[in-house]
file protein-v5.cif (mmCIF, C-alpha atoms)
data_query
#
loop_
_atom_site.label_atom_id
_atom_site.label_comp_id
_atom_site.auth_asym_id
_atom_site.auth_seq_id
_atom_site.Cartn_x
_atom_site.Cartn_y
_atom_site.Cartn_z
CA MET A 1190 -31.72 4.25 58.00
CA GLU A 1191 -31.21 6.77 60.82
CA TRP A 1192 -28.13 8.10 59.02
CA ALA A 1193 -30.07 8.23 55.76
CA SER A 1194 -32.87 10.15 57.47
CA LEU A 1195 -30.47 12.61 59.11
CA LEU A 1196 -28.42 13.32 55.97
CA LEU A 1197 -31.48 13.57 53.73
CA ARG A 1198 -33.19 15.92 56.18
CA TRP A 1199 -30.06 18.08 56.28
CA LEU A 1200 -29.87 18.10 52.48
CA HIS A 1201 -33.59 18.91 52.26
CA VAL A 1202 -33.23 21.89 54.59
CA ILE A 1203 -30.17 23.17 52.71
CA THR A 1204 -31.80 22.94 49.29
CA ALA A 1205 -35.09 24.37 50.59
CA ILE A 1206 -33.25 27.38 52.01
CA ALA A 1207 -31.52 27.87 48.65
CA TRP A 1208 -34.79 27.57 46.69
CA ILE A 1209 -36.95 29.68 48.96
CA GLY A 1210 -34.18 32.24 49.36
CA SER A 1211 -33.76 32.73 45.62
CA SER A 1212 -37.54 32.62 45.09
CA PHE A 1213 -38.21 35.28 47.71
CA TYR A 1214 -35.39 37.42 46.35
CA PHE A 1215 -36.76 37.35 42.81
CA VAL A 1216 -40.28 38.06 44.04
CA TRP A 1217 -38.93 41.10 45.86
CA LEU A 1218 -36.89 42.09 42.79
CA ASP A 1219 -39.84 41.75 40.43
CA LEU A 1220 -42.15 43.80 42.67
CA SER A 1221 -39.52 46.45 43.38
CA LEU A 1222 -38.96 47.28 39.69
CA ARG A 1223 -39.68 50.88 38.74
CA LYS A 1224 -40.03 52.45 35.29
CA ARG A 1225 -37.70 55.40 34.83
CA GLU A 1226 -36.50 57.65 32.05
CA GLY A 1227 -33.63 56.36 29.95
CA LEU A 1228 -34.34 52.63 30.23
CA PRO A 1229 -33.00 50.53 27.34
CA LYS A 1230 -35.46 49.47 24.64
CA GLY A 1231 -37.65 46.61 25.84
CA ALA A 1232 -36.76 47.07 29.51
CA HIS A 1233 -39.78 46.78 31.79
CA GLY A 1234 -38.16 48.40 34.82
CA GLU A 1235 -35.08 48.59 37.00
CA SER A 1236 -34.13 48.22 40.63
CA TRP A 1237 -31.18 49.50 42.64
CA SER A 1238 -30.03 47.81 45.84
CA VAL A 1239 -27.04 47.69 48.15
CA HIS A 1240 -25.55 44.63 49.81
CA GLY A 1241 -22.16 43.48 51.00
CA GLY A 1242 -20.53 46.85 50.45
CA GLY A 1243 -21.56 47.20 46.82
CA PHE A 1244 -24.40 48.54 44.68
CA TYR A 1245 -26.45 46.42 42.29
CA HIS A 1246 -28.37 47.68 39.26
CA VAL A 1247 -30.86 45.20 37.80
CA GLN A 1248 -33.10 45.62 34.76
CA LYS A 1249 -35.93 43.31 33.70
CA TYR A 1250 -37.07 42.51 30.16
CA LEU A 1251 -40.56 41.03 29.87
CA VAL A 1252 -39.51 38.94 26.88
CA ALA A 1253 -35.76 39.30 26.43
CA PRO A 1254 -33.18 41.91 25.35
CA GLU A 1255 -32.48 42.37 21.69
CA ARG A 1256 -29.12 40.67 22.11
CA MET A 1257 -28.67 37.68 24.36
CA PRO A 1258 -25.77 37.89 26.86
CA GLU A 1259 -22.92 35.42 26.62
CA GLU A 1260 -23.54 34.15 30.17
CA LEU A 1261 -27.07 33.53 31.43
CA HIS A 1262 -27.73 32.26 34.96
CA TRP A 1263 -30.57 29.81 35.48
CA PHE A 1264 -32.33 29.15 38.79
CA LYS A 1265 -33.78 25.66 38.70
CA HIS A 1266 -31.59 23.12 40.49
CA GLU A 1267 -32.55 24.52 43.90
CA SER A 1268 -36.14 23.52 43.19
CA TYR A 1269 -35.29 20.14 41.72
CA PHE A 1270 -33.07 19.05 44.59
CA THR A 1271 -35.52 20.31 47.20
CA TRP A 1272 -38.21 18.04 45.77
CA LEU A 1273 -35.88 15.09 45.19
CA SER A 1274 -34.42 15.24 48.71
CA GLY A 1275 -37.92 15.68 50.14
CA PHE A 1276 -39.29 12.68 48.27
CA CYS A 1277 -36.32 10.56 49.34
CA LEU A 1278 -36.92 11.65 52.94
CA LEU A 1279 -40.59 10.72 52.55
CA ALA A 1280 -39.53 7.30 51.27
CA VAL A 1281 -36.98 6.71 54.06
CA THR A 1282 -39.35 7.78 56.83
CA TYR A 1283 -42.94 7.19 55.70
CA TYR A 1284 -42.49 4.45 53.11
CA TYR A 1285 -39.78 2.39 54.81
CA GLY A 1286 -41.58 2.87 58.12
CA ALA A 1287 -45.08 2.73 56.61
CA ASN A 1288 -46.58 0.58 59.36
CA THR A 1289 -45.38 3.07 61.96
CA TYR A 1290 -45.78 6.48 60.32
CA LEU A 1291 -48.10 6.13 57.32
CA VAL A 1292 -50.66 3.45 58.16
CA ASP A 1293 -53.16 3.73 61.00
CA THR A 1294 -55.32 0.61 61.02
CA ALA A 1295 -57.89 2.44 63.14
CA VAL A 1296 -58.39 4.79 60.17
CA ALA A 1297 -58.01 2.39 57.23
CA ASP A 1298 -56.88 -1.23 57.26
CA LEU A 1299 -54.23 -0.92 54.55
CA SER A 1300 -51.07 -2.86 53.89
CA ALA A 1301 -47.82 -0.92 53.69
CA MET A 1302 -47.67 -1.38 49.91
CA GLN A 1303 -51.25 -0.21 49.44
CA ALA A 1304 -50.58 2.94 51.47
CA ILE A 1305 -47.37 3.67 49.57
CA GLY A 1306 -49.14 3.18 46.25
CA ILE A 1307 -51.93 5.58 47.26
CA SER A 1308 -49.36 8.13 48.41
CA ILE A 1309 -47.45 8.11 45.12
CA ALA A 1310 -50.61 8.01 43.00
CA SER A 1311 -52.05 11.00 44.86
CA LEU A 1312 -48.94 13.08 44.23
CA VAL A 1313 -48.96 12.24 40.53
CA GLY A 1314 -52.72 12.66 40.18
CA GLY A 1315 -52.64 15.89 42.14
CA TRP A 1316 -50.10 17.35 39.72
CA VAL A 1317 -52.16 16.33 36.68
CA PHE A 1318 -55.26 17.98 38.16
CA PHE A 1319 -53.39 21.17 39.07
CA ASP A 1320 -51.59 21.43 35.72
CA GLN A 1321 -54.75 20.91 33.65
CA LEU A 1322 -56.67 23.40 35.78
CA CYS A 1323 -53.98 26.04 35.25
CA LYS A 1324 -54.11 25.46 31.49
CA SER A 1325 -57.91 25.67 31.36
CA LYS A 1326 -60.05 28.78 30.95
CA LEU A 1327 -60.62 28.81 34.70
CA GLY A 1328 -56.88 29.21 35.22
CA GLU A 1329 -56.86 32.50 33.37
CA ASN A 1330 -58.45 34.21 36.36
CA LEU A 1331 -56.07 33.95 39.33
CA TRP A 1332 -58.84 34.52 41.89
CA VAL A 1333 -60.98 31.73 40.44
CA LEU A 1334 -57.93 29.48 40.24
CA ALA A 1335 -57.02 30.24 43.86
CA ALA A 1336 -60.57 29.53 45.08
CA ILE A 1337 -60.75 26.15 43.30
CA LEU A 1338 -57.33 25.09 44.56
CA PHE A 1339 -58.19 26.21 48.10
CA VAL A 1340 -61.27 23.95 48.14
CA PHE A 1341 -59.32 21.11 46.47
CA LEU A 1342 -56.56 21.23 49.09
CA MET A 1343 -59.03 21.17 51.96
CA ALA A 1344 -60.79 18.23 50.29
CA SER A 1345 -57.38 16.54 49.95
CA GLY A 1346 -56.79 17.09 53.67
CA TRP A 1347 -60.08 15.34 54.42
CA ALA A 1348 -59.33 12.48 52.00
CA TYR A 1349 -55.84 11.91 53.39
CA SER A 1350 -57.21 11.88 56.96
CA GLU A 1351 -59.59 9.08 55.91
CA ILE A 1352 -56.73 6.99 54.53
CA PHE A 1353 -53.49 7.72 56.40
CA SER A 1354 -52.44 8.39 59.96
CA ALA A 1355 -53.08 11.91 61.28
CA ARG A 1356 -49.32 12.44 61.38
CA ALA A 1357 -49.03 11.76 57.64
CA THR A 1358 -52.09 13.77 56.60
CA LEU A 1359 -50.78 17.34 56.80
CA LEU A 1360 -47.39 16.19 55.54
CA HIS A 1361 -48.98 14.74 52.41
CA VAL A 1362 -50.96 17.89 51.68
CA GLY A 1363 -47.66 19.76 51.94
CA ALA A 1364 -45.96 17.20 49.70
CA MET A 1365 -48.72 17.60 47.10
CA ILE A 1366 -48.30 21.39 47.05
CA ALA A 1367 -44.51 21.03 46.90
CA THR A 1368 -44.91 18.68 43.93
CA TRP A 1369 -47.00 21.32 42.17
CA MET A 1370 -44.38 23.97 42.89
CA THR A 1371 -41.46 21.97 41.53
CA GLY A 1372 -43.61 20.72 38.64
CA ASN A 1373 -44.23 24.35 37.74
CA VAL A 1374 -40.50 24.94 37.51
CA PHE A 1375 -39.57 21.68 35.76
CA PHE A 1376 -42.46 21.27 33.30
CA ILE A 1377 -43.55 24.85 32.65
CA ILE A 1378 -41.31 27.74 33.65
CA ILE A 1379 -37.87 26.44 32.59
CA PRO A 1380 -39.04 24.82 29.28
CA ASN A 1381 -40.85 28.05 28.34
CA GLN A 1382 -37.79 30.13 29.13
CA LYS A 1383 -35.65 27.80 27.04
CA LYS A 1384 -38.04 28.26 24.10
CA VAL A 1385 -37.68 32.02 24.43
CA VAL A 1386 -33.88 31.81 24.51
CA ALA A 1387 -33.79 29.44 21.52
CA THR A 1388 -36.09 31.73 19.52
CA LEU A 1389 -33.96 34.78 20.25
CA LYS A 1390 -30.73 33.01 19.38
CA ALA A 1391 -32.30 32.01 16.06
CA GLY A 1392 -33.07 35.65 15.36
CA GLY A 1393 -36.81 35.39 15.92
CA LYS A 1394 -39.23 37.26 18.17
CA ALA A 1395 -40.32 35.47 21.32
CA ASP A 1396 -44.02 35.10 22.14
CA PRO A 1397 -44.88 37.03 25.36
CA ILE A 1398 -47.41 34.32 26.30
CA TYR A 1399 -44.55 32.32 27.81
CA GLY A 1400 -43.86 35.09 30.29
CA LYS A 1401 -47.57 35.29 31.19
CA ILE A 1402 -47.72 31.56 31.88
CA ALA A 1403 -44.58 31.70 34.02
CA LYS A 1404 -46.08 34.58 36.00
CA GLN A 1405 -49.19 32.52 36.77
CA ARG A 1406 -47.16 29.59 38.09
CA SER A 1407 -44.69 31.79 40.00
CA THR A 1408 -47.54 33.62 41.74
CA PHE A 1409 -48.92 30.29 42.94
CA ASN A 1410 -45.51 29.19 44.21
CA ASN A 1411 -45.04 32.49 46.00
CA TYR A 1412 -48.25 32.43 48.03
CA LEU A 1413 -48.12 28.77 49.07
CA THR A 1414 -44.49 28.64 50.24
CA LEU A 1415 -45.27 29.50 53.88
CA PRO A 1416 -48.18 27.02 54.20
CA VAL A 1417 -45.93 24.26 52.81
CA LEU A 1418 -43.28 25.00 55.42
CA PHE A 1419 -45.88 24.76 58.21
CA MET A 1420 -47.21 21.43 56.93
CA MET A 1421 -43.72 19.98 56.58
CA LEU A 1422 -42.95 20.90 60.20
CA SER A 1423 -46.33 19.74 61.52
CA ASN A 1424 -45.34 16.10 61.92
CA HIS A 1425 -42.97 17.15 64.74
CA TYR A 1426 -45.84 18.78 66.68
CA PRO A 1427 -48.68 16.39 67.59
CA MET A 1428 -50.89 19.32 68.64
CA THR A 1429 -51.23 20.25 64.94
CA TYR A 1430 -52.81 16.94 63.95
CA GLY A 1431 -54.58 15.84 67.13
CA ILE A 1432 -58.12 16.48 65.83
CA ASP A 1433 -60.36 14.84 63.24
CA ALA A 1434 -61.10 17.97 61.15
CA LEU A 1435 -57.65 18.26 59.58
CA TRP A 1436 -59.20 19.70 56.42
CA LEU A 1437 -60.02 22.79 58.49
CA VAL A 1438 -56.41 23.01 59.66
CA VAL A 1439 -55.29 22.89 56.02
CA GLY A 1440 -57.60 25.76 55.10
CA LEU A 1441 -56.55 27.96 58.03
CA VAL A 1442 -52.83 27.38 57.48
CA ILE A 1443 -53.17 28.30 53.79
CA LEU A 1444 -55.05 31.49 54.65
CA ILE A 1445 -52.55 32.48 57.35
CA GLY A 1446 -49.49 31.84 55.17
CA ALA A 1447 -50.93 33.58 52.12
CA THR A 1448 -51.99 36.58 54.20
CA ILE A 1449 -48.51 37.01 55.67
CA ARG A 1450 -46.95 36.63 52.24
CA SER A 1451 -49.19 39.35 50.83
CA TRP A 1452 -47.82 41.77 53.45
CA PHE A 1453 -44.33 41.23 52.06
CA ASN A 1454 -45.49 41.42 48.45
CA PHE A 1455 -47.40 44.67 48.92
CA GLY A 1456 -44.41 46.18 50.68
CA HIS A 1457 -42.12 45.21 47.81
CA GLU A 1458 -44.51 46.97 45.46
CA GLY A 1459 -44.20 50.15 47.52
CA ARG A 1460 -47.74 50.16 48.87
CA SER A 1461 -48.53 51.82 52.19
CA GLY A 1462 -51.47 52.63 54.42
CA VAL A 1463 -54.36 50.17 54.69
CA ALA A 1464 -52.82 47.97 51.98
CA ARG A 1465 -50.07 47.01 54.46
CA GLN A 1466 -51.99 47.26 57.72
CA TRP A 1467 -54.64 44.57 57.51
CA GLN A 1468 -52.48 41.45 57.07
CA TRP A 1469 -51.00 40.97 60.54
CA PRO A 1470 -54.27 41.57 62.44
CA VAL A 1471 -56.04 39.14 60.11
CA ALA A 1472 -53.23 36.59 60.37
CA GLY A 1473 -53.28 37.00 64.16
CA VAL A 1474 -57.03 36.38 64.39
CA LEU A 1475 -56.75 33.36 62.08
CA THR A 1476 -53.92 31.97 64.21
CA VAL A 1477 -56.08 32.29 67.33
CA VAL A 1478 -58.86 30.48 65.46
CA LEU A 1479 -56.37 27.77 64.47
CA ALA A 1480 -55.26 27.36 68.09
CA TRP A 1481 -58.92 27.16 69.18
CA VAL A 1482 -59.70 24.56 66.52
CA LEU A 1483 -56.70 22.46 67.59
CA TYR A 1484 -57.42 22.74 71.32
CA VAL A 1485 -58.36 19.44 72.93
CA PRO A 1486 -60.15 20.06 76.25
CA PRO A 1487 -59.05 17.91 79.17
CA ALA A 1488 -61.25 14.95 80.02
CA GLN A 1489 -63.61 15.30 82.98
CA LEU A 1490 -64.46 12.62 85.51
CA GLU A 1491 -67.94 11.23 85.01
CA ALA A 1492 -70.28 10.10 87.73
CA GLY A 1493 -69.08 6.87 89.27
CA GLU A 1494 -65.71 7.06 87.51
CA ALA A 1495 -62.52 6.86 89.56
CA VAL A 1496 -58.94 7.85 88.82
CA ILE A 1497 -56.67 4.86 88.42
CA SER A 1498 -53.97 4.23 91.00
CA ASP A 1499 -50.28 5.06 90.60
CA ALA A 1500 -49.53 1.37 90.14
CA GLU A 1501 -52.14 1.07 87.38
CA ALA A 1502 -50.77 4.15 85.65
CA VAL A 1503 -47.24 2.74 85.75
CA ALA A 1504 -48.51 -0.57 84.36
CA LEU A 1505 -50.24 1.29 81.51
CA VAL A 1506 -47.12 3.22 80.61
CA GLN A 1507 -44.92 0.15 80.88
CA THR A 1508 -47.26 -1.74 78.56
CA HIS A 1509 -47.39 0.92 75.85
CA CYS A 1510 -44.29 3.10 76.22
CA VAL A 1511 -41.36 1.28 77.80
CA ALA A 1512 -40.56 -0.74 74.68
CA CYS A 1513 -39.09 2.51 73.29
CA HIS A 1514 -38.71 4.63 76.41
CA GLY A 1515 -37.00 2.10 78.64
CA PRO A 1516 -33.35 2.21 79.77
CA VAL A 1517 -32.13 0.44 76.61
CA LEU A 1518 -33.62 2.63 73.84
CA ALA A 1519 -34.17 5.89 75.71
CA ALA A 1520 -31.05 7.47 74.22
CA ALA A 1521 -32.59 7.16 70.77
CA MET A 1522 -35.90 8.59 72.03
CA LYS A 1523 -34.74 12.04 73.15
CA GLY A 1524 -33.38 10.57 76.37
CA VAL A 1525 -36.88 10.09 77.79
CA GLN A 1526 -37.22 7.12 80.16
CA LEU A 1527 -40.65 6.10 81.44
CA HIS A 1528 -40.05 2.90 83.39
CA THR A 1529 -40.55 4.32 86.91
CA LEU A 1530 -43.27 6.34 88.63
CA ASP A 1531 -40.91 9.28 89.17
CA SER A 1532 -39.88 9.38 85.50
CA ILE A 1533 -43.52 9.20 84.40
CA ILE A 1534 -44.52 12.11 86.67
CA LYS A 1535 -41.50 14.09 85.48
CA ASN A 1536 -42.60 13.69 81.85
CA LYS A 1537 -46.37 13.75 82.44
CA ASP A 1538 -46.99 16.85 80.29
CA SER A 1539 -45.21 15.30 77.31
CA ILE A 1540 -47.04 12.01 77.81
CA TYR A 1541 -50.36 13.85 77.89
CA ALA A 1542 -49.57 15.77 74.69
CA GLN A 1543 -48.33 12.71 72.82
CA ALA A 1544 -50.62 9.92 74.02
CA VAL A 1545 -53.78 11.58 75.34
CA ALA A 1546 -54.40 14.91 73.59
CA SER A 1547 -53.18 13.25 70.38
CA GLN A 1548 -52.46 9.70 69.33
CA ALA A 1549 -48.92 10.33 68.14
CA MET A 1550 -47.69 7.77 70.65
CA PRO A 1551 -47.24 4.86 70.80
CA MET A 1552 -45.72 5.02 67.31
CA GLY A 1553 -48.25 3.61 64.88
CA ASN A 1554 -50.14 2.45 67.98
CA ALA A 1555 -48.12 -0.74 67.68
CA SER A 1556 -49.07 -1.77 71.22
CA GLY A 1557 -52.79 -1.28 70.57
CA MET A 1558 -53.48 1.40 73.18
CA THR A 1559 -57.25 1.85 73.47
CA GLU A 1560 -59.29 5.06 73.84
CA ALA A 1561 -60.30 3.91 77.33
CA GLU A 1562 -56.66 3.52 78.33
CA ARG A 1563 -55.78 6.96 76.95
CA ARG A 1564 -58.66 8.49 78.90
CA ALA A 1565 -57.69 6.71 82.11
CA LEU A 1566 -54.07 7.83 81.76
CA GLY A 1567 -55.15 11.39 81.00
CA LEU A 1568 -57.37 11.60 84.08
CA TRP A 1569 -54.54 10.26 86.23
CA ILE A 1570 -52.09 12.84 84.82
CA GLN A 1571 -54.57 15.67 85.49
CA ALA A 1572 -54.84 14.52 89.10
CA GLN A 1573 -51.08 14.79 89.72
#

call {"tool": "encode", "arguments": {"input": "protein-v5.cif", "output": "structure tokens"}}
result
Amino acid sequence: MEWASLLLRWLHVITAIAWIGSSFYFVWLDLSLRKREGLPKGAHGESWSVHGGGFYHVQKYLVAPERMPEELHWFKHESYFTWLSGFCLLAVTYYYGANTYLVDTAVADLSAMQAIGISIASLVGGWVFFDQLCKSKLGENLWVLAAILFVFLMASGWAYSEIFSARATLLHVGAMIATWMTGNVFFIIIPNQKKVVATLKAGGKADPIYGKIAKQRSTFNNYLTLPVLFMMLSNHYPMTYGIDALWLVVGLVILIGATIRSWFNFGHEGRSGVARQWQWPVAGVLTVVLAWVLYVPPAQLEAGEAVISDAEAVALVQTHCVACHGPVLAAAMKGVQLHTLDSIIKNKDSIYAQAVASQAMPMGNASGMTEAERRALGLWIQAQ
């Protein structure tokens, strides 16, 4: 399973780079198009660029040229394999290891199969909701659509936090968005483009509505790419899910990512001045707010409370941590050994981040570490 996880993660990163790279390139290309004299009939605009020692001249047709080219390149498999590899990685890590990564009995007393079923059902149900909303009258206004989806995603963050472990919450919001993005490509964009191609090959005139629909879905994919990346990486950083209000983290991350993306988009369009000056200050302020929201203040000694002894601290760590971070398994756990007082003091900052400021460790709280024990250990670490 470790090999499966490693190879699937590698594949997921490779395919995600390919998908995001091509997506960002075409967003840039679309926004960099300019109308000039002498364009062929039906051409919306053109763009010139230089790369790798050569010059490229690209023209865009809103529907299609009068005559279809013999060779037409499609960009779809990058999206499909990103989602497939990501879902397989979710299955290998969070489904196979559901009792460790997905289920937190302190949040909801679920069996592994119940949690897996809820996970899959939420991804499917989330797509149905998103797709029907886009097809409704509300979806015709991108600002209204964005506002509804923003609230829905924050609500999803709250719902997931009431069902799954904190570690799995942000990841599942990201997985839901990623499912929408690939669903857009698989169910909407590519089928519509195929209809256009088939119509043109048959000598007919393609309906421009297909291009309008594709634009709606592509705009959504464009602005939520950066938030998805953050949420997918979040499970490696306990500080991002160490609080109860994860719905607020979802909202802030979406705003930060979309704001940064708009800076790129406006630049591709050729805007200048205030239109390209507000994004980074706003994103910076929102990031500070995110850090403030995620900050967990250190515990303070209360009247009559005493710091536990070194021996008691070692006993606590040996009870809850040495099963994985002892001499036998330490190599598989980033080489961290916690079976002696010296090794515990050496790694005290990491222990505090993982087991006190958050509940990322012990994994799945398999040893049943209590809040009182976490507090006692935290106070001892602060006293070192």

call {"tool": "atom_distance", "arguments": {"input": "protein-v5.cif", "atom1": "CA of Leu1505 (chain A)", "atom2": "CA of Ala1542 (chain A)"}}
result
16.0 Å

call {"tool": "closest_atom_pairs", "arguments": {"input": "protein-v5.cif", "of": "region 1330-1376 of chain A", "to": "region 1323-1326 of chain A", "cutoff": "12 Å", "atoms": "only C-alpha atoms", "output": "tab-separated table"}}
result
residue	atom	partner	partner_atom	distance
A:Asn1330	CA	A:Lys1326	CA	7.8
A:Leu1331	CA	A:Cys1323	CA	9.1
A:Trp1332	CA	A:Cys1323	CA	11.8
A:Val1333	CA	A:Lys1326	CA	10.0
A:Leu1334	CA	A:Cys1323	CA	7.2
A:Ala1335	CA	A:Cys1323	CA	10.1
A:Ile1337	CA	A:Cys1323	CA	10.5
A:Leu1338	CA	A:Cys1323	CA	9.9
A:Trp1369	CA	A:Cys1323	CA	10.9
A:Asn1373	CA	A:Cys1323	CA	10.2

call {"tool": "closest_residue", "arguments": {"input": "protein-v5.cif", "among": "A:Ile1533, A:Ala1207, A:Ala1280, A:Val1340", "to": "Gly1515 (chain A)", "atoms": "only C-alpha atoms"}}
result
A:Ile1533

call {"tool": "resolve_selection", "arguments": {"input": "protein-v5.cif", "expression": "the PyMOL selection byres ((chain A and resi 1405-1412) around 7)", "output": "number ranges by chain"}}
result
A: 1370, 1373, 1401-1404, 1413-1414, 1447, 1450

call {"tool": "resolve_selection", "arguments": {"input": "protein-v5.cif", "expression": "the PyMOL selection byres ((chain A and resi 1475) around 12)", "output": "PyMOL selection string"}}
result
chain A and resi 1437-1438+1440-1449+1468-1474+1476-1482

call {"tool": "residues_around", "arguments": {"input": "protein-v5.cif", "residues": "Thr1289 (chain A)", "least_positions_apart": "3", "cutoff": "10 Å", "atoms": "all atoms listed in the file", "output": "PyMOL selection string"}}
result
chain A and resi 1282-1286+1292-1293+1301+1354+1551-1555

call {"tool": "resolve_selection", "arguments": {"input": "protein-v5.cif", "expression": "the PyMOL selection byres ((chain A and resi 1508) around 12)", "output": "list in words"}}
result
Glu1501, Ala1502, Val1503, Ala1504, Leu1505, Val1506, Gln1507, His1509, Cys1510, Val1511, Ala1512, Cys1513, His1514, Gly1515, Leu1527, His1528, Pro1551, Asn1554, Ala1555, Ser1556, Gly1557, Met1558, Thr1559 and Glu1562 of chain A

call {"tool": "atom_distance", "arguments": {"input": "protein-v5.cif", "atom1": "CA of Val1496 (chain A)", "atom2": "CA of Ala1561 (chain A)"}}
result
12.2 Å

call {"tool": "residues_near_point", "arguments": {"input": "protein-v5.cif", "point": "(-44.3, 39.9, 47.1)", "cutoff": "8 Å", "atoms": "all atoms listed in the file", "output": "ChimeraX atom specification"}}
result
/A:1213,1216-1217,1220,1411,1450-1458

call {"tool": "closest_atom_pairs", "arguments": {"input": "protein-v5.cif", "of": "region 1192-1232 of chain A", "to": "region 1244-1264 of chain A", "cutoff": "10 Å", "atoms": "only C-alpha atoms", "output": "tab-separated table"}}
result
residue	atom	partner	partner_atom	distance
A:Ala1207	CA	A:Phe1264	CA	10.0
A:Trp1208	CA	A:Phe1264	CA	8.4
A:Ser1211	CA	A:Phe1264	CA	7.8
A:Ser1212	CA	A:Phe1264	CA	8.9
A:Leu1218	CA	A:Val1247	CA	8.4
A:Asp1219	CA	A:Lys1249	CA	7.9
A:Leu1222	CA	A:Lys1249	CA	7.8
A:Arg1223	CA	A:Gln1248	CA	9.3
A:Lys1224	CA	A:Gln1248	CA	9.7
A:Leu1228	CA	A:Gln1248	CA	8.4
A:Pro1229	CA	A:Pro1254	CA	8.8
A:Lys1230	CA	A:Pro1254	CA	7.9
A:Gly1231	CA	A:Tyr1250	CA	6.0
A:Ala1232	CA	A:Tyr1250	CA	4.6

call {"tool": "atom_distance", "arguments": {"input": "protein-v5.cif", "atom1": "CA of Gly1524 (chain A)", "atom2": "CA of Ser1539 (chain A)"}}
result
12.8 Å

call {"tool": "axis_aligned_box", "arguments": {"input": "protein-v5.cif", "around": "region 1346-1351 of chain A", "padding_each_side": "5 Å", "output": "lines of an AutoDock Vina configuration file"}}
result
center_x = -58.0
center_y = 13.1
center_z = 54.5
size_x = 14.2
size_y = 18.0
size_z = 15.0
